[in-house]
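This is final-v7.pdb (PDB, C-alpha atoms).
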```pdb
ATOM      1  CA  MET A   1      29.798 -10.794  21.129  1.00  0.00           C
ATOM      2  CA  SER A   2      32.507  -8.305  21.845  1.00  0.00           C
ATOM      3  CA  SER A   3      32.348  -5.296  24.179  1.00  0.00           C
ATOM      4  CA  GLY A   4      29.571  -6.849  26.307  1.00  0.00           C
ATOM      5  CA  ALA A   5      26.819  -5.111  24.315  1.00  0.00           C
ATOM      6  CA  SER A   6      23.397  -6.435  25.166  1.00  0.00           C
ATOM      7  CA  GLN A   7      21.198  -7.779  22.391  1.00  0.00           C
ATOM      8  CA  THR A   8      17.472  -8.083  22.829  1.00  0.00           C
ATOM      9  CA  ARG A   9      15.795 -11.025  21.198  1.00  0.00           C
ATOM     10  CA  GLU A  10      12.230 -11.744  20.371  1.00  0.00           C
ATOM     11  CA  ASP A  11      10.891 -14.354  22.774  1.00  0.00           C
ATOM     12  CA  PHE A  12      10.373 -17.639  21.014  1.00  0.00           C
ATOM     13  CA  THR A  13       7.090 -19.291  21.823  1.00  0.00           C
ATOM     14  CA  PRO A  14       6.917 -22.853  20.542  1.00  0.00           C
ATOM     15  CA  ASP A  15       3.995 -23.732  18.297  1.00  0.00           C
ATOM     16  CA  SER A  16       1.445 -25.457  20.528  1.00  0.00           C
ATOM     17  CA  ARG A  17      -0.395 -27.161  17.665  1.00  0.00           C
ATOM     18  CA  ASP A  18      -0.056 -30.896  17.299  1.00  0.00           C
ATOM     19  CA  PRO A  19       2.363 -31.994  14.544  1.00  0.00           C
ATOM     20  CA  GLU A  20      -0.437 -32.897  12.124  1.00  0.00           C
ATOM     21  CA  ALA A  21      -2.029 -29.440  12.427  1.00  0.00           C
ATOM     22  CA  GLN A  22       1.353 -27.779  12.021  1.00  0.00           C
ATOM     23  CA  ALA A  23       2.076 -29.914   8.916  1.00  0.00           C
ATOM     24  CA  ASP A  24      -1.338 -28.956   7.497  1.00  0.00           C
ATOM     25  CA  GLY A  25      -0.446 -25.283   7.957  1.00  0.00           C
ATOM     26  CA  PHE A  26       2.833 -25.658   6.104  1.00  0.00           C
ATOM     27  CA  ALA A  27       1.117 -27.670   3.343  1.00  0.00           C
ATOM     28  CA  HIS A  28      -1.461 -24.882   2.925  1.00  0.00           C
ATOM     29  CA  VAL A  29       1.328 -22.323   2.423  1.00  0.00           C
ATOM     30  CA  ARG A  30       3.144 -24.545  -0.090  1.00  0.00           C
ATOM     31  CA  ASN A  31      -0.082 -25.012  -2.063  1.00  0.00           C
ATOM     32  CA  ALA A  32      -0.692 -21.261  -2.036  1.00  0.00           C
ATOM     33  CA  HIS A  33       2.812 -20.663  -3.385  1.00  0.00           C
ATOM     34  CA  GLU A  34       2.183 -23.146  -6.188  1.00  0.00           C
ATOM     35  CA  SER A  35      -0.997 -21.366  -7.268  1.00  0.00           C
ATOM     36  CA  GLU A  36       0.441 -17.826  -7.076  1.00  0.00           C
ATOM     37  CA  MET A  37       1.776 -17.860 -10.635  1.00  0.00           C
ATOM     38  CA  ALA A  38      -1.529 -19.018 -12.117  1.00  0.00           C
ATOM     39  CA  GLU A  39      -3.478 -16.483 -10.084  1.00  0.00           C
ATOM     40  CA  ASP A  40      -1.173 -13.585 -10.987  1.00  0.00           C
ATOM     41  CA  TYR A  41      -1.288 -14.486 -14.674  1.00  0.00           C
ATOM     42  CA  VAL A  42      -5.064 -14.928 -14.974  1.00  0.00           C
ATOM     43  CA  GLU A  43      -5.697 -11.733 -13.006  1.00  0.00           C
ATOM     44  CA  LEU A  44      -3.342  -9.790 -15.289  1.00  0.00           C
ATOM     45  CA  ILE A  45      -4.726 -11.389 -18.452  1.00  0.00           C
ATOM     46  CA  ALA A  46      -8.257 -10.371 -17.409  1.00  0.00           C
ATOM     47  CA  GLU A  47      -7.077  -6.788 -16.771  1.00  0.00           C
ATOM     48  CA  LEU A  48      -5.336  -6.594 -20.157  1.00  0.00           C
ATOM     49  CA  ILE A  49      -8.375  -7.970 -21.976  1.00  0.00           C
ATOM     50  CA  GLU A  50     -10.613  -5.425 -20.257  1.00  0.00           C
ATOM     51  CA  ALA A  51      -8.253  -2.556 -21.033  1.00  0.00           C
ATOM     52  CA  HIS A  52      -7.090  -3.530 -24.539  1.00  0.00           C
ATOM     53  CA  GLY A  53      -9.393  -6.294 -25.780  1.00  0.00           C
ATOM     54  CA  GLU A  54      -6.555  -8.799 -25.730  1.00  0.00           C
ATOM     55  CA  ALA A  55      -3.621 -10.017 -23.670  1.00  0.00           C
ATOM     56  CA  ARG A  56      -0.376 -10.243 -25.622  1.00  0.00           C
ATOM     57  CA  PRO A  57       2.604 -12.151 -24.218  1.00  0.00           C
ATOM     58  CA  VAL A  58       4.812  -9.070 -24.625  1.00  0.00           C
ATOM     59  CA  ASP A  59       2.412  -7.038 -22.441  1.00  0.00           C
ATOM     60  CA  ILE A  60       2.287  -9.796 -19.818  1.00  0.00           C
ATOM     61  CA  ALA A  61       6.094  -9.976 -19.716  1.00  0.00           C
ATOM     62  CA  GLU A  62       6.380  -6.199 -19.362  1.00  0.00           C
ATOM     63  CA  ARG A  63       3.809  -5.973 -16.555  1.00  0.00           C
ATOM     64  CA  LEU A  64       5.200  -8.922 -14.604  1.00  0.00           C
ATOM     65  CA  GLY A  65       8.805  -7.874 -15.150  1.00  0.00           C
ATOM     66  CA  VAL A  66       9.820 -11.209 -16.678  1.00  0.00           C
ATOM     67  CA  LYS A  67      11.256 -12.308 -20.016  1.00  0.00           C
ATOM     68  CA  ALA A  68       9.124 -13.551 -22.923  1.00  0.00           C
ATOM     69  CA  PRO A  69      10.306 -17.195 -22.610  1.00  0.00           C
ATOM     70  CA  THR A  70       9.074 -17.227 -19.005  1.00  0.00           C
ATOM     71  CA  VAL A  71       5.657 -16.032 -20.145  1.00  0.00           C
ATOM     72  CA  THR A  72       5.565 -18.655 -22.909  1.00  0.00           C
ATOM     73  CA  LYS A  73       6.414 -21.439 -20.444  1.00  0.00           C
ATOM     74  CA  ASN A  74       3.830 -20.279 -17.906  1.00  0.00           C
ATOM     75  CA  ILE A  75       1.105 -19.772 -20.518  1.00  0.00           C
ATOM     76  CA  SER A  76       1.713 -23.376 -21.617  1.00  0.00           C
ATOM     77  CA  ARG A  77       1.159 -24.496 -18.015  1.00  0.00           C
ATOM     78  CA  LEU A  78      -2.036 -22.434 -17.787  1.00  0.00           C
ATOM     79  CA  LYS A  79      -3.261 -23.932 -21.056  1.00  0.00           C
ATOM     80  CA  VAL A  80      -2.693 -27.461 -19.737  1.00  0.00           C
ATOM     81  CA  ALA A  81      -4.549 -26.474 -16.544  1.00  0.00           C
ATOM     82  CA  GLY A  82      -7.501 -25.319 -18.670  1.00  0.00           C
ATOM     83  CA  LEU A  83      -7.259 -21.664 -17.627  1.00  0.00           C
ATOM     84  CA  VAL A  84      -6.302 -20.042 -20.960  1.00  0.00           C
ATOM     85  CA  ARG A  85      -6.666 -20.650 -24.655  1.00  0.00           C
ATOM     86  CA  ARG A  86      -4.339 -19.481 -27.353  1.00  0.00           C
ATOM     87  CA  GLU A  87      -3.675 -20.079 -30.984  1.00  0.00           C
ATOM     88  CA  LYS A  88      -0.108 -19.918 -32.198  1.00  0.00           C
ATOM     89  CA  TYR A  89       1.078 -16.312 -32.696  1.00  0.00           C
ATOM     90  CA  ARG A  90      -2.185 -14.944 -31.303  1.00  0.00           C
ATOM     91  CA  SER A  91      -3.279 -13.225 -28.112  1.00  0.00           C
ATOM     92  CA  ILE A  92      -4.172 -15.101 -24.958  1.00  0.00           C
ATOM     93  CA  PHE A  93      -7.728 -15.430 -23.695  1.00  0.00           C
ATOM     94  CA  LEU A  94      -9.204 -16.893 -20.534  1.00  0.00           C
ATOM     95  CA  THR A  95     -11.391 -19.959 -20.520  1.00  0.00           C
ATOM     96  CA  ASP A  96     -14.521 -19.858 -18.364  1.00  0.00           C
ATOM     97  CA  ARG A  97     -12.511 -21.520 -15.615  1.00  0.00           C
ATOM     98  CA  GLY A  98      -9.710 -18.971 -16.011  1.00  0.00           C
ATOM     99  CA  GLN A  99     -12.210 -16.107 -15.925  1.00  0.00           C
ATOM    100  CA  ALA A 100     -13.753 -17.463 -12.713  1.00  0.00           C
ATOM    101  CA  LEU A 101     -10.306 -17.695 -11.108  1.00  0.00           C
ATOM    102  CA  ALA A 102      -9.451 -14.156 -12.249  1.00  0.00           C
ATOM    103  CA  GLU A 103     -12.663 -12.820 -10.702  1.00  0.00           C
ATOM    104  CA  ALA A 104     -11.965 -14.624  -7.413  1.00  0.00           C
ATOM    105  CA  CYS A 105      -8.416 -13.221  -7.384  1.00  0.00           C
ATOM    106  CA  ARG A 106      -9.646  -9.716  -8.121  1.00  0.00           C
ATOM    107  CA  ARG A 107     -12.174  -9.987  -5.269  1.00  0.00           C
ATOM    108  CA  ARG A 108      -9.498 -11.175  -2.809  1.00  0.00           C
ATOM    109  CA  HIS A 109      -7.121  -8.441  -3.927  1.00  0.00           C
ATOM    110  CA  ARG A 110      -9.772  -5.730  -3.588  1.00  0.00           C
ATOM    111  CA  ILE A 111     -10.746  -6.887  -0.081  1.00  0.00           C
ATOM    112  CA  VAL A 112      -7.142  -7.140   1.147  1.00  0.00           C
ATOM    113  CA  VAL A 113      -6.276  -3.675  -0.205  1.00  0.00           C
ATOM    114  CA  ALA A 114      -9.376  -2.142   1.390  1.00  0.00           C
ATOM    115  CA  PHE A 115      -8.612  -3.861   4.703  1.00  0.00           C
ATOM    116  CA  LEU A 116      -5.022  -2.609   4.747  1.00  0.00           C
ATOM    117  CA  GLN A 117      -6.169   0.913   3.883  1.00  0.00           C
ATOM    118  CA  SER A 118      -8.741   0.748   6.704  1.00  0.00           C
ATOM    119  CA  LEU A 119      -5.765   0.203   9.030  1.00  0.00           C
ATOM    120  CA  GLY A 120      -4.175   3.407   7.753  1.00  0.00           C
ATOM    121  CA  ILE A 121      -1.796   1.869   5.208  1.00  0.00           C
ATOM    122  CA  ASP A 122      -1.241   4.141   2.199  1.00  0.00           C
ATOM    123  CA  GLU A 123      -2.562   3.011  -1.188  1.00  0.00           C
ATOM    124  CA  VAL A 124       0.814   2.218  -2.765  1.00  0.00           C
ATOM    125  CA  THR A 125       1.943   0.086   0.179  1.00  0.00           C
ATOM    126  CA  ALA A 126      -1.467  -1.599   0.480  1.00  0.00           C
ATOM    127  CA  GLU A 127      -1.403  -2.557  -3.220  1.00  0.00           C
ATOM    128  CA  ARG A 128       2.137  -3.940  -2.971  1.00  0.00           C
ATOM    129  CA  ASP A 129       1.472  -5.880   0.241  1.00  0.00           C
ATOM    130  CA  ALA A 130      -1.837  -7.237  -1.053  1.00  0.00           C
ATOM    131  CA  GLU A 131       0.044  -8.930  -3.918  1.00  0.00           C
ATOM    132  CA  GLY A 132       1.537 -11.348  -1.396  1.00  0.00           C
ATOM    133  CA  ILE A 133      -1.230 -11.584   1.166  1.00  0.00           C
ATOM    134  CA  GLU A 134      -4.040 -12.294  -1.306  1.00  0.00           C
ATOM    135  CA  HIS A 135      -2.583 -15.699  -2.186  1.00  0.00           C
ATOM    136  CA  HIS A 136      -2.529 -16.924   1.405  1.00  0.00           C
ATOM    137  CA  VAL A 137      -5.733 -15.616   2.925  1.00  0.00           C
ATOM    138  CA  SER A 138      -8.620 -17.962   3.679  1.00  0.00           C
ATOM    139  CA  GLU A 139     -12.258 -17.268   2.890  1.00  0.00           C
ATOM    140  CA  ALA A 140     -12.953 -16.968   6.646  1.00  0.00           C
ATOM    141  CA  THR A 141     -10.266 -14.295   6.944  1.00  0.00           C
ATOM    142  CA  LEU A 142     -11.611 -12.444   3.897  1.00  0.00           C
ATOM    143  CA  ILE A 143     -15.051 -12.361   5.509  1.00  0.00           C
ATOM    144  CA  ALA A 144     -13.490 -10.999   8.714  1.00  0.00           C
ATOM    145  CA  PHE A 145     -11.645  -8.361   6.656  1.00  0.00           C
ATOM    146  CA  GLU A 146     -14.919  -7.380   4.962  1.00  0.00           C
ATOM    147  CA  ASN A 147     -16.723  -7.162   8.305  1.00  0.00           C
ATOM    148  CA  HIS A 148     -13.932  -4.960   9.664  1.00  0.00           C
ATOM    149  CA  ILE A 149     -14.150  -2.701   6.602  1.00  0.00           C
ATOM    150  CA  LYS A 150     -17.938  -2.410   6.918  1.00  0.00           C
ATOM    151  CA  GLY A 151     -17.563  -1.601  10.620  1.00  0.00           C
ATOM    152  CA  SER A 152     -15.079   1.167   9.920  1.00  0.00           C
ATOM    153  CA  ASP A 153     -17.164   2.936   7.234  1.00  0.00           C
TER     154      ASP A 153
END
```
Is it possible to express this structure as structure tokens?
Amino acid sequence: MSSGASQTREDFTPDSRDPEAQADGFAHVRNAHESEMAEDYVELIAELIEAHGEARPVDIAERLGVKAPTVTKNISRLKVAGLVRREKYRSIFLTDRGQALAEACRRRHRIVVAFLQSLGIDEVTAERDAEGIEHHVSEATLIAFENHIKGSD
């Protein structure tokens, strides 16, 4: 540092969890990251089907801001996972398992957005922030969010 300027730093408090608990926490986050793509895709596919009766790869690419080959690759992964069905050169549809995942994602998203708005966060910011939070929130936390929302009505 030059000129003797003082910098304030955030105090660092070491994690007091035992190593196994800390490793479990990191593993949970890694697993959530792995499922984000599938969750985003099935949620969007469900929305497109509701709005337009079908989900076309071109519409998915446009909404997610990715290129068509990325959508094709990810749809193939979802098909292998049993979440979507598709015939060559046709629209994409959710399997029962994919539909159930889409509904669970929609529920989580709705709760997180409502919780953030109950804290005074504007709708645009709450929607944007919920896109990340919804993939990492536990069922226990969602219930707490819902209880908070009900208490603030």
Nearest to A:Gly151: which of A:Thr13, A:Ser138, A:Thr125, A:Ser118 is it, counting all atoms listed in the file? A:Ser118
What is the atom CA of A:His148-atom CA of A:Leu119 distance in Å, reported with one decimal?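 One can read the atom CA of A:His148 to atom CA of A:Leu119 distance as 9.7 Å.
A straight line drawn from atom CA of A:Ile60 to atom CA of A:Ala114 is 25.4 Å long.
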In Å, rounded to a single decimal, give me how far atom CA of A:Val58 is from atom CA of A:Val42. 15.0 Å
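With only C-alpha atoms as the atoms that count, the residue of A:Glu123, A:Ala102, A:Asp11, A:His136 with the shortest distance to A:Leu48 is A:Ala102.
Considering the residues A:Lys67, A:His109, A:Lys88, A:Lys150 and counting only C-alpha atoms, A:Ala126 has its shortest atom-to-atom contact with A:His109.
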Listed atoms of stretch 86-105 of chain A boxed axis-aligned with 6 Å per side, centre + edges as JSON:
```
{"center_x": -6.7, "center_y": -17.2, "center_z": -20.0, "size_x": 27.6, "size_y": 20.7, "size_z": 37.3}
```
